[in-house]
Amino acid sequence: MSSVDGRQDEPLTIAQIAKRAGVSVATVSKVVNGRADVAPATRSLIEDIIRRHGYRRQKAAGPAALLELVFHEVRGPYPTEIYRGVRRVAVEHQLAVVVSELRGDHTPGRDWVAGVLARRPIGVISVFAGPSDEQAEQLRTRGIPFALVDPTGYPGHGAPSVSASNWSGGLSATRHLLELGHRRIAVITGPEHALAGRARLDGYRAALDMAGIPIDPALVRIGDFQILDGLKHTRDLLRLPEPPTAVFAGNDGQALGVYRAAVEAGIRVPEDLSVVGFDDLFPSRWLTPPLTTVRQPLAEMAATAAGMVITLAQGRPLERGREELATELVIRESTACFRG
């Protein structure tokens with residue numbers, strides 16, 4: 001029986017979808033499970049039927065007691081903090097966590113989607129990456145909610161997301177240096193496609209603008225959130241006719257590179273060069289000198305995203321589709337008053 005708007009009152013089974021599409025049950029099963037060996041036109045037809053009418057799994061094939069955690073890459077302390085937050089929520093709900101890595105890519109490939117659909121997790125948490133619109137629709141039509149942590153851009157498909165107050169963090173880091181008397185403040189950002197990096201840079205610019213200090217383009221350097229960025233850019237910055245007296249690094253890794261470049265140049269931190277990082281990850285407090293940085297609540301961000309997908313999996317609406325958690329400036333010994 002159909003409703004007045006033409007939609008099916010009950011979701012369709014694989015057999016019913018196959019009948020409507022005029023294909024075999026096996027073909028529909030391949031599409032449902034994300035298999036690649038289906039002609040694009042046939043896949044599009046089946047996906048359209050699922051989108052319009054829904055898909056009813058057999059009870060035996062319900063969601064597995066899993067949360068899927070997806071990283072664009074697993075390297076350094078950042079993923080550890082994210083995993084810790086997701087695992088805390090998973091344990092509370094008696095769920096396991098499956099971790100997958102995209103090897104540096106920011107959009108999952110077809111093989112990843114096939115794996116997720118086969119594993120049938122309760123939900124997916126994607127970190128610094130996100131599914132394409134087509135992949136998002138595949139997850140949605142199979143009843144697998146997902147949320148983004150620290151997304152690289154604004155989610156175009158309306159996905160729930162959790163981020164930090166990156167603009168405020170950039171503002172507070174730069175203001176701290178201004179309050180210490182610095183005026184030649186360099187910034188080393190993240191990649192231009194990364195929303196977090198752009199927001200931190202905007203906070204830096206806002207702080208200088210409010211202080212009435214013109215932005216010197218020579219002091220603004222675009223990086224990729226890597227240690228090597230801090231090293232290379234700081235080498236160049238220290239060779240300027242008027243080098244900076246302070247550097248705001250886009251993350252703690254870049255700050256490590258700044259430290260190394262300063263040592264190479266025989267420059268002391270903080271006596272000759274003040275340095276501020278972003279994240280407050282290990283080993284920031286154990287550096288010599290301990291790093292002043294902006295603390296980003298990564299574990300809490302991850303836990304919030306995990307809570308979002310569990311809420312959606314339970315059929316309950318979210319109070320807010322986008323969450324922004326506060327950052328905090330942690331002042332240590334890598335910043336000092338300007339002595340010019």
# chains A, B, ... in the order shown; residues from 1 in each chain; ligands from 1
>>> select_by_dssp(residues="segment 218-327 of chain A", states="helix (DSSP H, G or I)", output="ChimeraX atom specification")
/A:218-219,227-238,252-264,284-286,298-313
>>> residues_around(residues="Ile331 of chain A", least_positions_apart="2", cutoff="10 Å", atoms="only C-alpha atoms", output="ChimeraX atom specification")
/A:173,176,276,290-294,328-329,333-335
>>> write_last_selection(atoms="C-alpha atoms", output="mmCIF file, in the first residue's frame")
data_model
loop_
_atom_site.group_PDB
_atom_site.id
_atom_site.type_symbol
_atom_site.label_atom_id
_atom_site.label_comp_id
_atom_site.auth_asym_id
_atom_site.auth_seq_id
_atom_site.Cartn_x
_atom_site.Cartn_y
_atom_site.Cartn_z
ATOM 1 C CA ALA A 173 47.253 33.370 21.043
ATOM 2 C CA HIS A 176 48.897 37.168 24.349
ATOM 3 C CA VAL A 276 52.877 29.842 20.707
ATOM 4 C CA PRO A 290 57.666 24.213 27.888
ATOM 5 C CA LEU A 291 55.411 25.438 25.093
ATOM 6 C CA THR A 292 52.757 28.110 25.467
ATOM 7 C CA THR A 293 49.859 26.801 23.406
ATOM 8 C CA VAL A 294 46.103 26.854 22.807
ATOM 9 C CA GLU A 328 41.966 27.661 26.257
ATOM 10 C CA LEU A 329 45.290 29.498 26.167
ATOM 11 C CA GLU A 333 57.688 29.396 29.324
ATOM 12 C CA SER A 334 58.047 29.787 25.538
ATOM 13 C CA THR A 335 56.710 33.362 25.546
#
>>> residues_around(residues="segment 249-257 of chain A", least_positions_apart="3", cutoff="10 Å", atoms="only C-alpha atoms", output="PyMOL selection string")
chain A and resi 76-77+170+173+186-191+196-198+200-201+221-235+246+260-263+275-284+287+291-296
>>> residues_around(residues="Ala299 of chain A", least_positions_apart="2", cutoff="9 Å", atoms="only C-alpha atoms", output="PyMOL selection string")
chain A and resi 80-86+296-297+301-304
>>> residues_around(residues="segment 114-129 of chain A", least_positions_apart="6", cutoff="9 Å", atoms="only C-alpha atoms", output="PyMOL selection string")
chain A and resi 32-36+61-72+79+82+86+95+98+102+105-108+138-139+142-153+194+302+305-306+309-310+312-313
>>> atom_distance(atom1="atom CA of Gly181 of chain A", atom2="atom CA of Thr245 of chain A")
9.7 Å
>>> select_by_dssp(residues="segment 73-204 of chain A", states="strand (DSSP E)", output="number ranges by chain")
A: 96-101, 123-127, 146-149, 161-164, 185-189
